[in-house]
>>> print(open('protein.txt').read())   # compact mmCIF, C-alpha atoms
# COMPACT_ATOMS: atom_id res chain seq x y z
CA MET X 1 77.17 122.73 130.32
CA ARG X 2 75.71 125.14 127.87
CA ARG X 3 78.93 125.00 125.87
CA ILE X 4 78.78 121.18 125.69
CA GLY X 5 75.22 121.36 124.45
CA ALA X 6 76.09 123.99 121.87
CA GLY X 7 79.08 121.92 120.76
CA ALA X 8 76.92 118.82 120.37
CA ILE X 9 74.26 120.67 118.40
CA ASN X 10 76.94 122.22 116.25
CA ALA X 11 78.52 118.79 115.58
CA ILE X 12 75.16 117.29 114.63
CA ALA X 13 74.39 120.25 112.42
CA ARG X 14 77.74 119.82 110.69
CA CYS X 15 76.93 116.14 110.15
CA GLY X 16 73.64 117.11 108.56
CA PHE X 17 75.31 119.72 106.40
CA ALA X 18 77.96 117.19 105.36
CA ALA X 19 75.26 114.70 104.34
CA ARG X 20 73.38 117.37 102.39
CA PHE X 21 76.66 118.44 100.85
CA PHE X 22 77.44 114.85 99.81
CA VAL X 23 74.08 114.54 98.08
CA ALA X 24 74.62 117.90 96.39
CA VAL X 25 78.06 116.83 95.15
CA LEU X 26 76.62 113.61 93.78
CA TYR X 27 73.84 115.60 92.15
CA HIS X 28 76.36 117.86 90.46
CA SER X 29 78.79 115.08 89.57
CA PRO X 30 77.51 114.55 86.01
CA SER X 31 78.91 117.99 85.23
CA ALA X 32 82.33 116.73 86.38
CA PHE X 33 82.16 114.11 83.66
CA HIS X 34 80.80 116.51 81.06
CA ARG X 35 83.81 118.68 81.61
CA LEU X 36 86.43 115.96 81.74
CA GLN X 37 89.23 118.50 81.42
CA LEU X 38 88.51 119.81 84.91
CA THR X 39 88.41 116.32 86.42
CA ALA X 40 91.57 115.33 84.56
CA ARG X 41 93.29 118.36 86.03
CA GLU X 42 92.25 117.26 89.53
CA ILE X 43 93.40 113.69 88.89
CA TYR X 44 96.70 115.25 87.93
CA PHE X 45 96.96 117.22 91.16
CA ALA X 46 95.62 114.50 93.45
CA GLY X 47 97.09 111.48 91.72
CA VAL X 48 100.09 112.20 89.57
CA LEU X 49 101.72 114.51 92.09
CA SER X 50 101.16 111.94 94.86
CA LEU X 51 102.78 109.26 92.74
CA VAL X 52 106.33 109.69 93.97
CA VAL X 53 105.51 109.73 97.67
CA ILE X 54 103.18 106.72 97.30
CA MET X 55 105.65 104.66 95.33
CA VAL X 56 108.64 105.46 97.52
CA SER X 57 106.77 104.74 100.74
CA GLY X 58 105.31 101.56 99.21
CA LEU X 59 108.79 100.40 98.39
CA PHE X 60 110.05 101.06 101.90
CA VAL X 61 107.02 99.52 103.61
CA GLY X 62 107.50 96.43 101.47
CA MET X 63 111.19 96.25 102.31
CA VAL X 64 110.50 96.55 106.04
CA LEU X 65 107.79 93.90 105.77
CA GLY X 66 110.27 91.67 103.99
CA LEU X 67 112.88 92.05 106.72
CA GLN X 68 110.56 91.86 109.72
CA GLY X 69 108.36 89.16 108.22
CA TYR X 70 111.28 86.94 107.33
CA ASP X 71 112.79 87.41 110.77
CA SER X 72 109.56 86.40 112.57
CA LEU X 73 108.53 83.65 110.16
CA ASN X 74 111.96 82.09 110.19
CA LYS X 75 111.67 81.48 113.92
CA TYR X 76 108.96 78.98 113.11
CA GLY X 77 110.81 77.64 110.12
CA ALA X 78 108.29 79.23 107.81
CA GLY X 79 110.58 81.68 106.04
CA ASP X 80 109.29 80.33 102.74
CA SER X 81 105.85 81.79 103.48
CA LEU X 82 107.27 85.31 103.17
CA GLY X 83 105.58 85.83 99.81
CA ILE X 84 102.07 85.11 101.04
CA PHE X 85 102.62 87.09 104.25
CA VAL X 86 103.79 90.19 102.43
CA GLY X 87 101.23 89.86 99.66
CA LEU X 88 98.24 89.40 101.94
CA SER X 89 99.15 92.18 104.34
CA LEU X 90 99.77 94.61 101.49
CA VAL X 91 96.78 93.76 99.33
CA ARG X 92 94.27 93.45 102.15
CA GLU X 93 95.33 96.13 104.61
CA LEU X 94 98.48 98.15 104.16
CA GLY X 95 97.99 99.08 100.53
CA PRO X 96 94.59 100.77 100.90
CA VAL X 97 95.17 102.09 104.43
CA VAL X 98 98.67 103.57 104.16
CA ALA X 99 98.00 104.86 100.66
CA GLY X 100 94.79 106.41 102.03
CA LEU X 101 96.60 108.06 104.94
CA LEU X 102 99.26 109.46 102.61
CA PHE X 103 96.54 110.57 100.21
CA ALA X 104 94.67 112.37 103.01
CA SER X 105 97.75 114.28 104.06
CA ARG X 106 99.21 114.86 100.59
CA ALA X 107 96.16 115.56 98.42
CA GLY X 108 93.29 116.02 100.89
CA SER X 109 95.00 118.87 102.70
CA ALA X 110 95.81 120.57 99.40
CA ILE X 111 92.18 120.33 98.24
CA THR X 112 90.89 121.76 101.53
CA ALA X 113 93.39 124.59 101.52
CA GLU X 114 92.61 125.43 97.90
CA ILE X 115 88.84 125.52 98.33
CA GLY X 116 89.15 127.27 101.70
CA LEU X 117 91.34 129.95 100.21
CA MET X 118 88.94 130.38 97.29
CA LYS X 119 86.22 130.96 99.83
CA THR X 120 88.36 133.39 101.81
CA THR X 121 89.17 135.42 98.72
CA GLU X 122 85.46 135.28 97.81
CA GLN X 123 86.06 133.53 94.53
CA LEU X 124 83.22 131.16 95.35
CA SER X 125 80.81 134.02 95.95
CA ALA X 126 82.00 135.67 92.75
CA MET X 127 81.21 132.50 90.85
CA GLU X 128 77.75 132.36 92.32
CA MET X 129 77.26 135.96 91.20
CA MET X 130 78.21 134.90 87.68
CA ALA X 131 75.61 132.12 87.90
CA VAL X 132 78.35 129.47 87.91
CA ASP X 133 77.61 126.87 90.54
CA PRO X 134 80.85 126.38 92.52
CA LEU X 135 79.68 122.88 93.45
CA ALA X 136 79.73 121.86 89.80
CA ARG X 137 82.75 123.91 88.76
CA ILE X 138 85.05 123.50 91.79
CA VAL X 139 83.88 120.84 94.20
CA ALA X 140 82.62 117.97 92.04
CA PRO X 141 85.75 117.67 89.84
CA ARG X 142 87.98 117.64 92.92
CA PHE X 143 85.80 115.02 94.58
CA TRP X 144 85.83 112.72 91.55
CA GLY X 145 89.50 113.34 90.89
CA GLY X 146 90.23 112.01 94.37
CA VAL X 147 87.84 109.10 94.05
CA ILE X 148 89.41 108.01 90.75
CA ALA X 149 93.01 108.56 91.84
CA MET X 150 92.79 106.73 95.17
CA PRO X 151 92.32 103.07 94.03
CA LEU X 152 95.06 103.48 91.44
CA LEU X 153 97.42 104.86 94.07
CA ALA X 154 96.58 102.01 96.46
CA ALA X 155 97.24 99.43 93.75
CA LEU X 156 100.57 101.07 92.92
CA PHE X 157 101.44 101.12 96.61
CA SER X 158 100.78 97.37 96.87
CA VAL X 159 102.80 96.62 93.74
CA MET X 160 105.76 98.67 94.97
CA GLY X 161 105.47 96.97 98.36
CA VAL X 162 105.56 93.51 96.81
CA PHE X 163 108.51 94.62 94.72
CA GLY X 164 110.30 95.95 97.83
CA ALA X 165 109.67 92.69 99.67
CA TYR X 166 110.95 90.82 96.63
CA LEU X 167 114.13 92.89 96.65
CA VAL X 168 114.78 92.26 100.34
CA GLY X 169 113.44 88.71 100.56
CA VAL X 170 114.75 87.18 97.36
CA ARG X 171 117.71 89.35 96.42
CA LEU X 172 119.08 90.17 99.85
CA ILE X 173 118.07 87.34 102.20
CA GLY X 174 117.90 84.60 99.62
CA VAL X 175 114.38 83.19 99.79
CA ASP X 176 113.90 81.08 96.70
CA ASN X 177 112.44 83.10 93.83
CA GLY X 178 109.95 80.42 92.78
CA THR X 179 108.82 79.79 96.36
CA PHE X 180 108.25 83.49 96.95
CA TRP X 181 105.96 83.98 93.95
CA GLY X 182 104.45 80.50 94.06
CA ASN X 183 103.36 80.82 97.69
CA MET X 184 102.00 84.27 97.02
CA GLN X 185 99.93 83.08 94.07
CA ALA X 186 98.70 80.02 95.92
CA GLY X 187 97.58 82.01 98.95
CA ILE X 188 96.05 85.12 97.40
CA ASP X 189 92.94 84.98 95.29
CA PHE X 190 91.71 87.69 92.97
CA TRP X 191 88.33 87.17 94.54
CA PRO X 192 87.96 88.01 97.42
CA ASP X 193 91.42 89.30 98.48
CA ILE X 194 92.33 91.72 95.71
CA THR X 195 88.79 92.86 94.91
CA ASN X 196 88.20 93.59 98.60
CA GLY X 197 91.39 95.65 98.67
CA ILE X 198 90.15 97.63 95.67
CA ILE X 199 86.71 98.14 97.25
CA LYS X 200 88.42 99.40 100.40
CA SER X 201 90.53 101.88 98.47
CA VAL X 202 87.46 103.18 96.59
CA VAL X 203 85.60 103.68 99.89
CA PHE X 204 88.61 105.47 101.39
CA GLY X 205 88.84 107.61 98.28
CA VAL X 206 85.20 108.67 98.65
CA ALA X 207 85.60 109.34 102.38
CA VAL X 208 88.82 111.34 102.15
CA SER X 209 87.73 113.35 99.10
CA LEU X 210 84.37 114.15 100.67
CA ILE X 211 85.97 115.25 103.94
CA ALA X 212 88.52 117.33 102.04
CA VAL X 213 86.04 119.21 99.85
CA PHE X 214 83.54 119.57 102.70
CA GLU X 215 86.08 121.02 105.12
CA GLY X 216 87.27 123.40 102.43
CA TYR X 217 83.75 124.49 101.57
CA ASP X 218 82.79 124.78 105.23
CA ALA X 219 85.94 126.61 106.33
CA LYS X 220 85.70 129.93 108.11
CA PRO X 221 86.79 132.52 105.56
CA THR X 222 89.84 133.62 107.48
CA ALA X 223 93.48 132.55 107.43
CA GLU X 224 92.97 130.76 110.75
CA GLY X 225 89.80 129.12 109.51
CA VAL X 226 91.56 127.67 106.47
CA SER X 227 94.42 126.35 108.55
CA ALA X 228 92.00 124.78 111.04
CA ALA X 229 90.03 123.22 108.18
CA THR X 230 93.20 121.74 106.69
CA THR X 231 94.10 120.22 110.04
CA ARG X 232 90.59 118.80 110.39
CA THR X 233 90.88 117.23 106.95
CA VAL X 234 94.06 115.38 107.78
CA VAL X 235 92.96 114.29 111.26
CA GLY X 236 89.37 113.49 110.32
CA GLY X 237 90.39 111.81 107.08
CA SER X 238 92.94 109.59 108.80
CA LEU X 239 90.51 108.64 111.56
CA ALA X 240 87.79 107.94 109.02
CA ILE X 241 90.13 105.66 107.08
CA LEU X 242 91.14 103.65 110.13
CA ALA X 243 87.57 103.37 111.43
CA LEU X 244 86.14 102.46 108.02
CA ASP X 245 88.93 99.94 107.56
CA PHE X 246 87.86 98.14 110.71
CA VAL X 247 84.21 98.14 109.71
CA LEU X 248 84.94 96.96 106.16
CA THR X 249 87.33 94.27 107.37
CA VAL X 250 84.69 92.94 109.76
CA PHE X 251 82.21 92.62 106.91
CA MET X 252 84.63 91.34 104.28
CA PHE X 253 86.72 88.80 106.08
CA ARG X 254 84.49 87.66 108.91
CA GLY X 255 82.92 84.99 106.73
CA MET X 256 86.29 83.78 105.51
CA ALA X 257 87.60 82.78 108.93
CA ASN X 258 85.56 79.57 109.02
CA VAL X 259 85.54 78.64 105.34
CA MET R 260 101.54 123.75 82.54
CA ASN R 261 99.21 123.58 79.58
CA ARG R 262 96.24 121.31 79.13
CA SER R 263 97.71 118.65 76.86
CA THR R 264 100.69 118.02 79.14
CA ILE R 265 98.31 117.48 82.05
CA ASP R 266 96.24 115.11 79.96
CA LEU R 267 99.37 113.20 79.04
CA TRP R 268 100.40 112.83 82.68
CA VAL R 269 96.90 111.79 83.72
CA GLY R 270 96.92 109.24 80.92
CA ILE R 271 100.26 107.86 82.09
CA PHE R 272 99.05 107.78 85.69
CA VAL R 273 95.81 105.98 84.88
CA THR R 274 97.66 103.52 82.64
CA ILE R 275 100.24 102.52 85.22
CA GLY R 276 97.53 102.44 87.91
CA LEU R 277 95.45 100.01 85.88
CA GLY R 278 98.66 98.17 85.05
CA ALA R 279 99.28 97.80 88.78
CA ILE R 280 95.82 96.29 89.27
CA VAL R 281 96.45 93.86 86.41
CA PHE R 282 99.83 92.99 87.93
CA LEU R 283 98.17 92.31 91.28
CA ALA R 284 95.57 90.14 89.59
CA LEU R 285 97.95 88.09 87.49
CA LYS R 286 101.26 87.96 89.30
CA VAL R 287 100.19 88.24 92.94
CA GLY R 288 96.69 86.83 92.88
CA ASN R 289 97.16 84.27 90.15
CA LEU R 290 93.88 84.96 88.41
CA THR R 291 94.94 82.65 85.62
CA THR R 292 93.93 79.53 87.53
CA LEU R 293 90.55 81.04 88.29
CA ASP R 294 89.47 81.52 84.73
CA ALA R 295 86.75 79.14 83.69
CA LYS R 296 88.67 76.24 82.30
CA PRO R 297 86.23 73.69 80.94
CA SER R 298 85.71 71.25 83.75
CA TYR R 299 83.38 68.53 84.99
CA ARG R 300 82.17 67.54 88.43
CA LEU R 301 82.71 64.41 90.44
CA GLU R 302 81.10 63.42 93.73
CA VAL R 303 82.83 61.55 96.48
CA ASN R 304 81.86 60.69 100.06
CA PHE R 305 84.25 60.53 102.98
CA ASP R 306 83.73 59.30 106.54
CA ASN R 307 85.89 62.15 107.77
CA ILE R 308 87.41 64.97 105.79
CA GLY R 309 89.72 66.26 108.53
CA GLY R 310 90.77 69.79 107.64
CA LEU R 311 89.70 69.77 104.00
CA LYS R 312 88.49 73.17 102.80
CA MET R 313 86.79 74.53 99.75
CA ARG R 314 89.14 75.30 96.87
CA ALA R 315 91.69 72.79 98.15
CA PRO R 316 93.63 71.22 95.28
CA VAL R 317 92.84 67.81 93.82
CA LYS R 318 96.02 66.05 92.76
CA ALA R 319 96.80 62.95 90.80
CA ALA R 320 100.41 61.80 91.13
CA GLY R 321 101.16 65.21 92.62
CA VAL R 322 99.80 67.15 89.64
CA VAL R 323 96.93 69.54 90.34
CA VAL R 324 94.02 68.39 88.17
CA GLY R 325 91.16 70.26 89.84
CA ARG R 326 89.76 71.89 92.96
CA VAL R 327 87.30 71.06 95.71
CA GLU R 328 84.11 72.89 94.84
CA SER R 329 81.93 72.26 97.86
CA VAL R 330 81.90 70.34 101.12
CA ARG R 331 78.69 69.46 102.94
CA LEU R 332 77.30 66.81 105.26
CA ASP R 333 75.04 64.15 103.81
CA PRO R 334 72.08 64.26 106.24
CA LYS R 335 71.19 60.57 105.75
CA THR R 336 74.52 58.78 105.95
CA TYR R 337 76.32 61.39 108.03
CA GLU R 338 79.17 61.27 105.59
CA ALA R 339 80.88 64.30 104.13
CA ALA R 340 79.79 64.78 100.52
CA VAL R 341 82.54 66.52 98.55
CA THR R 342 82.13 67.86 95.02
CA LEU R 343 85.29 68.03 92.93
CA LYS R 344 85.82 70.14 89.83
CA ILE R 345 88.19 68.37 87.47
CA ASP R 346 89.71 69.89 84.33
CA ASN R 347 88.25 68.44 81.15
CA GLY R 348 91.69 67.40 79.98
CA TYR R 349 91.89 64.69 82.62
CA GLN R 350 89.80 61.53 82.69
CA PHE R 351 89.66 59.07 85.54
CA SER R 352 88.57 55.43 85.53
CA LYS R 353 85.53 54.26 87.47
CA ASP R 354 87.57 52.48 90.13
CA THR R 355 89.59 55.56 91.06
CA ILE R 356 90.33 55.88 94.77
CA ALA R 357 90.08 59.34 96.36
CA SER R 358 92.00 59.90 99.58
CA ILE R 359 92.52 62.91 101.78
CA LEU R 360 96.20 63.64 102.23
CA THR R 361 98.36 66.29 103.83
CA SER R 362 101.48 67.70 102.28
CA GLY R 363 104.05 67.57 105.03
CA LEU R 364 103.19 67.26 108.71
CA LEU R 365 101.40 70.60 108.97
CA GLY R 366 100.96 71.41 105.30
CA GLU R 367 97.81 72.00 103.30
CA VAL R 368 95.17 69.30 103.01
CA TYR R 369 94.39 68.05 99.52
CA ILE R 370 92.61 65.20 97.78
CA GLY R 371 94.73 62.62 96.02
CA LEU R 372 93.28 60.57 93.18
CA ASP R 373 94.76 57.13 92.43
CA ALA R 374 93.58 55.97 89.04
CA GLY R 375 92.60 52.33 88.67
CA GLY R 376 92.53 50.03 85.65
CA ASP R 377 88.85 50.11 84.71
CA PRO R 378 88.47 50.97 81.01
CA GLN R 379 85.24 52.89 81.74
CA MET R 380 85.81 56.52 82.62
CA LEU R 381 83.92 58.73 85.08
CA THR R 382 81.69 61.32 83.44
CA ASP R 383 80.22 64.62 84.64
CA GLY R 384 78.31 64.11 87.90
CA GLY R 385 79.85 60.68 88.38
CA LYS R 386 80.56 59.29 91.79
CA ILE R 387 83.88 57.99 93.03
CA ALA R 388 82.94 54.85 94.99
CA LYS R 389 86.14 54.20 96.90
CA SER R 390 87.46 56.77 99.29
CA GLN R 391 89.95 56.92 102.09
CA SER R 392 89.27 59.32 104.95
CA ALA R 393 91.62 61.78 106.49
CA VAL R 394 94.04 60.55 109.08
CA VAL R 395 93.15 62.41 112.24
CA LEU R 396 96.29 62.73 114.27
CA GLU R 397 94.50 62.79 117.64
CA LYS R 398 92.66 59.54 116.89
CA LEU R 399 95.89 57.95 115.75
CA ILE R 400 97.69 58.90 118.96
CA GLY R 401 94.71 57.74 121.02
CA GLN R 402 94.68 54.40 119.23
CA PHE R 403 98.40 54.01 119.69
CA LEU R 404 98.15 54.67 123.41
CA PHE R 405 95.18 52.31 123.71
CA ASP R 406 97.05 49.55 121.87
CA LYS R 407 100.09 50.06 124.08
CA ALA R 408 98.01 49.86 127.24
CA SER R 409 96.05 46.75 126.18
CA SER R 410 99.12 44.87 124.96
CA GLY R 411 101.07 45.82 128.05
CA ALA R 412 98.36 44.69 130.51
CA PRO R 413 98.66 40.86 130.32
CA ASN R 414 102.41 40.97 130.99
CA LYS R 415 101.93 42.28 134.49
>>> encode(input="protein.txt", output="structure tokens")
Amino acid sequence: MRRIGAGAINAIARCGFAARFFVAVLYHSPSAFHRLQLTAREIYFAGVLSLVVIMVSGLFVGMVLGLQGYDSLNKYGAGDSLGIFVGLSLVRELGPVVAGLLFASRAGSAITAEIGLMKTTEQLSAMEMMAVDPLARIVAPRFWGGVIAMPLLAALFSVMGVFGAYLVGVRLIGVDNGTFWGNMQAGIDFWPDITNGIIKSVVFGVAVSLIAVFEGYDAKPTAEGVSAATTRTVVGGSLAILALDFVLTVFMFRGMANV
Amino acid sequence: MNRSTIDLWVGIFVTIGLGAIVFLALKVGNLTTLDAKPSYRLEVNFDNIGGLKMRAPVKAAGVVVGRVESVRLDPKTYEAAVTLKIDNGYQFSKDTIASILTSGLLGEVYIGLDAGGDPQMLTDGGKIAKSQSAVVLEKLIGQFLFDKASSGAPNK
């Protein structure tokens, strides 16, 4: 019983610390834009190095959607609607969510491990000794690098997915090229479909980046502590993405059902 | 890896990322039809709009000439008041008939405009006087059954 209570208090305290940490990161974020070099470096690590995995998985997800979607739609004689089916599912859901999950495991874990290891080797304390605020020098650039990289990655994922579905649907199965694109353009609007997808990916970027830098900063300064923090980043980041996705979808598309 | 190489890669990444968003907007989402083409508004009342929705296309002879801007119920006449947004390039005569049509049996609902011969054209805010309501399939079937039953009764 005592352990449950202690665990609960600890969890709440961590929540409070995370909130305080978020505010502190936001407070220090102007310095991330003053020193654009640092942020650019983090965009490179979080974004450019995730590019291959995002694009390849986008392509495959799109190809699977093309195959499965055509198979199911064709049962109802609606194989021509493949374009809109693939486009909507990618732009609204799969693009931001799957790209976010990949981002959490590819870049989030790396950020946590890096910051955790810096803490373990007391680089963070050394910086504080030199009157360099690690929040401004280390944490804020990584946070903003993730936030900037995430929407771009999600958009690329969606584009590769549409391209994969085009390859399978039009080239392989033989859906008419004009029907594929025409249906897609008729059914998907820039506002609200695509903008909502972008908003989702920005929110996921903030959530994953915050969890990653927080877990790294909060890690126990031991080898085990860093490994546990990395695990928590991937698990917590993925759960946060899926939960936030539900909440955002409820708000974004609830009104559209009866328009 | 030195600084400038990283900057180059980040530049490439941001460029293709923004390019992807533009691709989504133009090729997938068809933003081009959303841009504010100069247009004018027409009003039309229907007894029943069936499944007509906002942003449904308005077609004349099958060509899309505008979109449905809003649909609401006229509280006095209990008719559906529909506002259409028509591209400026198209003019319609005063005796144009607006009808609610469906492409295919289960296809999308749209408004068809049949131009008349009146030399006077409708202007912004003008009202289309003649309209033809949606064909509601359930009513049609009900009527058909009713007709069958009433015509069959005297023969007994």
>>> interface_residues(input="protein.txt", of="chain R", to="chain X", cutoff="8 Å", atoms="all atoms listed in the file", output="list in words")
Arg262, Ile265, Asp266, Trp268, Val269, Phe272, Val273, Ile275, Gly276, Leu277, Ala279, Ile280, Phe282, Leu283, Ala284, Lys286, Val287, Gly288, Asn289, Leu290, Lys312 and Met313 of chain R
>>> write_last_selection(input="protein.txt", atoms="C-alpha atoms", output="tab-separated table (two decimals), keeping the file's coordinate frame")
chain	number	residue	atom	x	y	z
R	262	ARG	CA	96.24	121.31	79.13
R	265	ILE	CA	98.31	117.48	82.05
R	266	ASP	CA	96.24	115.11	79.96
R	268	TRP	CA	100.40	112.83	82.68
R	269	VAL	CA	96.90	111.79	83.72
R	272	PHE	CA	99.05	107.78	85.69
R	273	VAL	CA	95.81	105.98	84.88
R	275	ILE	CA	100.24	102.52	85.22
R	276	GLY	CA	97.53	102.44	87.91
R	277	LEU	CA	95.45	100.01	85.88
R	279	ALA	CA	99.28	97.80	88.78
R	280	ILE	CA	95.82	96.29	89.27
R	282	PHE	CA	99.83	92.99	87.93
R	283	LEU	CA	98.17	92.31	91.28
R	284	ALA	CA	95.57	90.14	89.59
R	286	LYS	CA	101.26	87.96	89.30
R	287	VAL	CA	100.19	88.24	92.94
R	288	GLY	CA	96.69	86.83	92.88
R	289	ASN	CA	97.16	84.27	90.15
R	290	LEU	CA	93.88	84.96	88.41
R	312	LYS	CA	88.49	73.17	102.80
R	313	MET	CA	86.79	74.53	99.75
>>> atom_distance(input="protein.txt", atom1="atom CA of Ile359 of chain R", atom2="atom CA of Ser298 of chain R")
21.0 Å
>>> atom_distance(input="protein.txt", atom1="atom CA of Ser201 of chain X", atom2="atom CA of Ile241 of chain X")
9.4 Å
>>> atom_distance(input="protein.txt", atom1="atom CA of Thr361 of chain R", atom2="atom CA of Gly309 of chain R")
9.8 Å
>>> closest_residue(input="protein.txt", among="X:Arg35, X:Lys220, X:Arg142, X:Arg232", to="Val206 of chain X", atoms="all atoms listed in the file")
X:Arg142
>>> build_atoms(input="protein.txt", residues="segment 379-393 of chain R", atoms="N, CA and C atoms", output="PDB file, in the coordinates of the input")
ATOM      1  N   GLN R 379      86.309  51.873  81.773  1.00  0.00           N
ATOM      2  CA  GLN R 379      85.240  52.890  81.740  1.00  0.00           C
ATOM      3  C   GLN R 379      85.669  54.115  82.536  1.00  0.00           C
ATOM      4  N   MET R 380      85.394  55.286  81.974  1.00  0.00           N
ATOM      5  CA  MET R 380      85.810  56.520  82.620  1.00  0.00           C
ATOM      6  C   MET R 380      84.618  57.172  83.347  1.00  0.00           C
ATOM      7  N   LEU R 381      84.955  57.968  84.364  1.00  0.00           N
ATOM      8  CA  LEU R 381      83.920  58.730  85.080  1.00  0.00           C
ATOM      9  C   LEU R 381      83.481  59.893  84.212  1.00  0.00           C
ATOM     10  N   THR R 382      82.184  60.181  84.225  1.00  0.00           N
ATOM     11  CA  THR R 382      81.690  61.320  83.440  1.00  0.00           C
ATOM     12  C   THR R 382      81.170  62.377  84.402  1.00  0.00           C
ATOM     13  N   ASP R 383      80.699  63.500  83.834  1.00  0.00           N
ATOM     14  CA  ASP R 383      80.220  64.620  84.640  1.00  0.00           C
ATOM     15  C   ASP R 383      79.141  64.154  85.620  1.00  0.00           C
ATOM     16  N   GLY R 384      79.286  64.517  86.883  1.00  0.00           N
ATOM     17  CA  GLY R 384      78.310  64.110  87.900  1.00  0.00           C
ATOM     18  C   GLY R 384      78.534  62.711  88.428  1.00  0.00           C
ATOM     19  N   GLY R 385      79.570  62.044  87.943  1.00  0.00           N
ATOM     20  CA  GLY R 385      79.850  60.680  88.380  1.00  0.00           C
ATOM     21  C   GLY R 385      80.300  60.638  89.831  1.00  0.00           C
ATOM     22  N   LYS R 386      80.238  59.445  90.378  1.00  0.00           N
ATOM     23  CA  LYS R 386      80.560  59.290  91.790  1.00  0.00           C
ATOM     24  C   LYS R 386      81.762  58.369  91.947  1.00  0.00           C
ATOM     25  N   ILE R 387      82.736  58.837  92.714  1.00  0.00           N
ATOM     26  CA  ILE R 387      83.880  57.990  93.030  1.00  0.00           C
ATOM     27  C   ILE R 387      83.470  57.104  94.196  1.00  0.00           C
ATOM     28  N   ALA R 388      83.490  55.756  93.978  1.00  0.00           N
ATOM     29  CA  ALA R 388      82.940  54.850  94.990  1.00  0.00           C
ATOM     30  C   ALA R 388      83.900  54.641  96.146  1.00  0.00           C
ATOM     31  N   LYS R 389      85.175  54.544  95.849  1.00  0.00           N
ATOM     32  CA  LYS R 389      86.140  54.200  96.900  1.00  0.00           C
ATOM     33  C   LYS R 389      86.822  55.455  97.417  1.00  0.00           C
ATOM     34  N   SER R 390      86.800  55.601  98.722  1.00  0.00           N
ATOM     35  CA  SER R 390      87.460  56.770  99.290  1.00  0.00           C
ATOM     36  C   SER R 390      88.182  56.365 100.568  1.00  0.00           C
ATOM     37  N   GLN R 391      89.178  57.163 100.881  1.00  0.00           N
ATOM     38  CA  GLN R 391      89.950  56.920 102.090  1.00  0.00           C
ATOM     39  C   GLN R 391      89.934  58.208 102.902  1.00  0.00           C
ATOM     40  N   SER R 392      89.483  58.114 104.160  1.00  0.00           N
ATOM     41  CA  SER R 392      89.270  59.320 104.950  1.00  0.00           C
ATOM     42  C   SER R 392      90.586  59.926 105.411  1.00  0.00           C
ATOM     43  N   ALA R 393      90.459  61.097 105.963  1.00  0.00           N
ATOM     44  CA  ALA R 393      91.620  61.780 106.490  1.00  0.00           C
ATOM     45  C   ALA R 393      92.150  61.045 107.707  1.00  0.00           C
TER      46      ALA R 393
END
